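Structure file entry18.cif with mmCIF, C-alpha atoms (C1' of nucleotides):
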```
data_upload
#
loop_
_atom_site.label_atom_id
_atom_site.label_comp_id
_atom_site.auth_asym_id
_atom_site.auth_seq_id
_atom_site.Cartn_x
_atom_site.Cartn_y
_atom_site.Cartn_z
CA MET A 1 11.99 8.87 17.51
CA ALA A 2 10.37 11.52 15.35
CA LEU A 3 8.37 10.44 12.36
CA SER A 4 9.35 11.85 9.01
CA GLU A 5 7.12 14.54 7.51
CA LEU A 6 5.91 12.09 4.93
CA THR A 7 5.08 9.43 7.47
CA GLN A 8 3.20 11.94 9.57
CA ARG A 9 1.14 13.06 6.60
CA ILE A 10 0.42 9.49 5.63
CA VAL A 11 -0.91 8.85 9.11
CA ASN A 12 -3.16 11.90 8.97
CA THR A 13 -4.41 10.96 5.55
CA ILE A 14 -5.36 7.44 6.53
CA ARG A 15 -6.99 8.71 9.67
CA SER A 16 -9.27 10.97 7.66
CA VAL A 17 -10.72 8.32 5.38
CA PRO A 18 -14.44 8.26 6.21
CA PHE A 19 -16.62 5.28 7.05
CA GLY A 20 -17.85 3.50 3.95
CA TYR A 21 -14.93 4.49 1.72
CA VAL A 22 -11.56 3.08 0.75
CA VAL A 23 -8.28 4.44 -0.57
CA THR A 24 -5.36 2.71 -2.26
CA TYR A 25 -1.77 2.67 -1.04
CA GLY A 26 -0.61 4.77 -3.94
CA TYR A 27 -3.50 7.17 -3.56
CA VAL A 28 -2.70 7.77 0.09
CA ALA A 29 0.89 8.39 -0.90
CA ARG A 30 -0.29 10.95 -3.45
CA LEU A 31 -2.53 12.71 -0.96
CA ALA A 32 0.35 12.75 1.49
CA GLY A 33 2.58 14.49 -1.02
CA ASN A 34 4.73 11.77 -2.53
CA PRO A 35 3.08 9.68 -5.27
CA ARG A 36 5.88 7.16 -5.12
CA ALA A 37 5.71 6.37 -1.43
CA ALA A 38 3.14 3.60 -1.69
CA ARG A 39 5.39 1.16 0.08
CA GLN A 40 5.84 3.57 2.91
CA VAL A 41 2.08 3.49 3.36
CA SER A 42 2.13 -0.22 3.94
CA ARG A 43 4.94 0.23 6.39
CA VAL A 44 2.91 2.79 8.30
CA LEU A 45 -0.04 0.44 8.48
CA HIS A 46 2.23 -2.29 9.69
CA SER A 47 3.87 -0.29 12.46
CA LEU A 48 1.52 2.51 13.47
CA THR A 49 -1.98 1.08 13.15
CA ARG A 50 -2.31 0.25 16.80
CA LYS A 51 -0.50 3.26 18.21
CA GLU A 52 -2.36 5.77 16.04
CA GLY A 53 -5.66 3.92 15.96
CA LEU A 54 -5.81 3.89 12.18
CA PRO A 55 -8.74 2.59 10.11
CA TRP A 56 -6.30 0.18 8.45
CA HIS A 57 -8.99 -1.85 6.74
CA ARG A 58 -9.90 1.04 4.44
CA VAL A 59 -6.61 0.79 2.57
CA ILE A 60 -6.50 -1.62 -0.38
CA ASN A 61 -4.32 -1.93 -3.48
CA SER A 62 -4.56 -0.17 -6.82
CA GLN A 63 -6.59 -2.98 -8.35
CA GLY A 64 -9.31 -2.63 -5.77
CA ARG A 65 -8.19 -5.82 -4.06
CA ILE A 66 -7.20 -6.65 -0.51
CA SER A 67 -3.47 -7.23 -0.31
CA LEU A 68 -3.48 -9.35 2.82
CA LYS A 69 -3.32 -13.08 2.31
CA PRO A 70 -5.91 -15.54 3.55
CA MET A 71 -5.41 -16.38 7.22
CA GLN A 72 -3.22 -13.32 7.52
CA GLY A 73 -5.93 -10.72 7.69
CA TYR A 74 -7.79 -10.99 4.41
CA GLU A 75 -11.00 -12.29 5.91
CA GLU A 76 -10.96 -9.80 8.75
CA GLN A 77 -10.38 -6.84 6.46
CA ARG A 78 -13.07 -7.92 4.05
CA GLN A 79 -15.52 -8.34 6.90
CA HIS A 80 -14.78 -4.84 8.16
CA LEU A 81 -15.35 -3.37 4.72
CA GLU A 82 -18.55 -5.26 4.07
CA ASN A 83 -19.79 -4.04 7.43
CA GLU A 84 -19.33 -0.53 6.08
CA GLY A 85 -21.39 -1.34 3.03
CA ILE A 86 -18.54 -1.85 0.60
CA ALA A 87 -19.26 -4.46 -2.07
CA PHE A 88 -16.94 -7.06 -3.57
CA ASP A 89 -17.52 -8.58 -6.99
CA ALA A 90 -17.14 -12.28 -7.75
CA SER A 91 -13.38 -11.96 -8.12
CA GLY A 92 -13.04 -10.23 -4.78
CA LYS A 93 -12.60 -6.78 -6.21
CA VAL A 94 -13.98 -3.46 -4.97
CA ASP A 95 -15.30 -0.94 -7.51
CA LEU A 96 -13.00 2.02 -6.94
CA ASP A 97 -15.09 4.34 -9.12
CA ARG A 98 -17.74 3.86 -6.52
CA PHE A 99 -15.96 3.52 -3.19
CA LEU A 100 -12.70 5.41 -3.53
CA TRP A 101 -12.67 8.39 -1.17
CA ARG A 102 -11.92 11.61 -3.00
CA PRO A 103 -11.09 14.59 -0.76
CA ASP A 104 -12.49 17.90 -1.99
CA GLU A 105 -9.00 19.19 -2.68
CA PHE A 106 -8.55 16.37 -5.17
"C1'" DA B 1 27.09 3.54 5.76
"C1'" DA B 2 25.63 -0.62 3.25
"C1'" DC B 3 22.07 -3.98 2.81
"C1'" DC B 4 17.52 -5.99 3.35
"C1'" DT B 5 12.53 -5.79 3.48
"C1'" DG B 6 7.57 -5.04 2.64
"C1'" DA B 7 -0.36 -5.12 3.47
"C1'" DC B 8 2.93 -1.22 -3.44
"C1'" DT B 9 2.64 0.28 -8.50
"C1'" DT B 10 3.43 0.45 -13.27
"C1'" DC B 11 4.83 -1.53 -17.53
"C1'" DG B 12 5.52 -5.35 -20.81
"C1'" DG B 13 4.88 -9.57 -22.69
"C1'" DT C 1 -5.81 -11.98 -16.65
"C1'" DC C 2 -1.40 -13.64 -14.88
"C1'" DC C 3 3.66 -13.13 -13.97
"C1'" DG C 4 8.18 -11.01 -13.68
"C1'" DA C 5 11.14 -7.06 -13.53
"C1'" DA C 6 12.20 -2.60 -12.14
"C1'" DG C 7 11.41 1.60 -9.51
"C1'" DC C 8 10.70 3.73 -4.89
"C1'" DC C 9 10.64 4.93 0.43
"C1'" DA C 10 12.05 4.81 5.00
"C1'" DG C 11 13.01 2.03 9.04
"C1'" DG C 12 15.45 -1.83 10.95
"C1'" DT C 13 19.96 -4.43 11.29
#
```
This entry written out as structure tokens:
Amino acid sequence: MALSELTQRIVNTIRSVPFGYVVTYGYVARLAGNPRAARQVSRVLHSLTRKEGLPWHRVINSQGRISLKPMQGYEEQRQHLENEGIAFDASGKVDLDRFLWRPDEF
DNA sequence: AACCTGACTTCGG
DNA sequence: TCCGAAGCCAGGT
């Protein structure tokens, strides 16, 4: 079945996040055209990561934290990010002022 | 078509 | 900082 315009744009957006940077669900939604589609972003990650070869680990929540729960991907995602040079503070938070990817257009 | 669901976000208290 | 409630989106049933 055909993906909705929004879903397609979300996929493209996630795919363009460069190595060493992160984006938040809501931010991706905004870049894709609908600021309120954050939940759709998580859905996309859930269902299209493999098929589209998305850098899923670069998407975290608005607080700069990893949304996955321990033993359900948290460790793996954190490892991926640290491998790209992204730092976590003592409370497991990423400094978005420093690592959030900001496209030129925004 | 109605109802449920989720790797979300924002707002209050 | 932590928690609950409400708002939102599209795909699956």
* Enumerate as number ranges by chain the residues belonging to chain B that approach chain A to within 10 Å, with only C-alpha atoms (C1' of nucleotides) taken into account. => B: 6-9
* Asked: Which residues of chain C are close to chain A, meaning at most 10 Å apart when you count all atoms listed in the file, and how do they look as an MDAnalysis selection string?
  -> chainID C and resid 7:11
* To one decimal in Å, tell me the separation between C1' of DC11 in chain B and C1' of DC2 in chain C. =>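 About the pair C1' of DC11 in chain B and C1' of DC2 in chain C: they are 13.9 Å apart.
As for CA of Glu5 in chain A and C1' of DG12 in chain C, they are spaced 18.7 Å apart.
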* Distance in Å - CA of Val11 in chain A versus CA of Arg102 in chain A -> 16.6 Å
* Asked: Written as a ChimeraX atom specification, what is the full residue list that the PyMOL selection byres ((chain B and resi 3) around 12) yields on the file shown?
  -> /B:1-2,4-5 /C:12-13
Resulting file, chosen residues, C-alpha atoms (C1' of nucleotides), as a PDB file, keeping the file's coordinate frame:
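Saved file part-v5.pdb follows:
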```pdb
ATOM      1  C1'  DA B   1      27.090   3.540   5.760  1.00  0.00           C
ATOM      2  C1'  DA B   2      25.630  -0.620   3.250  1.00  0.00           C
ATOM      3  C1'  DC B   4      17.520  -5.990   3.350  1.00  0.00           C
ATOM      4  C1'  DT B   5      12.530  -5.790   3.480  1.00  0.00           C
TER       5       DT B   5
ATOM      6  C1'  DG C  12      15.450  -1.830  10.950  1.00  0.00           C
ATOM      7  C1'  DT C  13      19.960  -4.430  11.290  1.00  0.00           C
TER       8       DT C  13
END
```
* Asked: Counting only C-alpha atoms, which of A:Arg30, A:Ser91, A:Leu48, A:Arg58 gets nearest to Ser16 in chain A?
  ->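 Nearest candidate to Ser16 in chain A out of A:Arg30, A:Ser91, A:Leu48, A:Arg58: A:Arg58.
Run against this file, the PyMOL selection byres ((chain C and resi 4) around 12) gives back DC11, DG12 and DG13 of chain B; DC2, DC3, DA5 and DA6 of chain C.
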Box centre and edge lengths (Å, one decimal), axis-aligned, range 1-11 of chain C plus 3 Å each side, as AutoDock Vina command-line options:
```
--center_x 3.6 --center_y -4.4 --center_z -3.8 --size_x 24.8 --size_y 24.6 --size_z 31.7
```
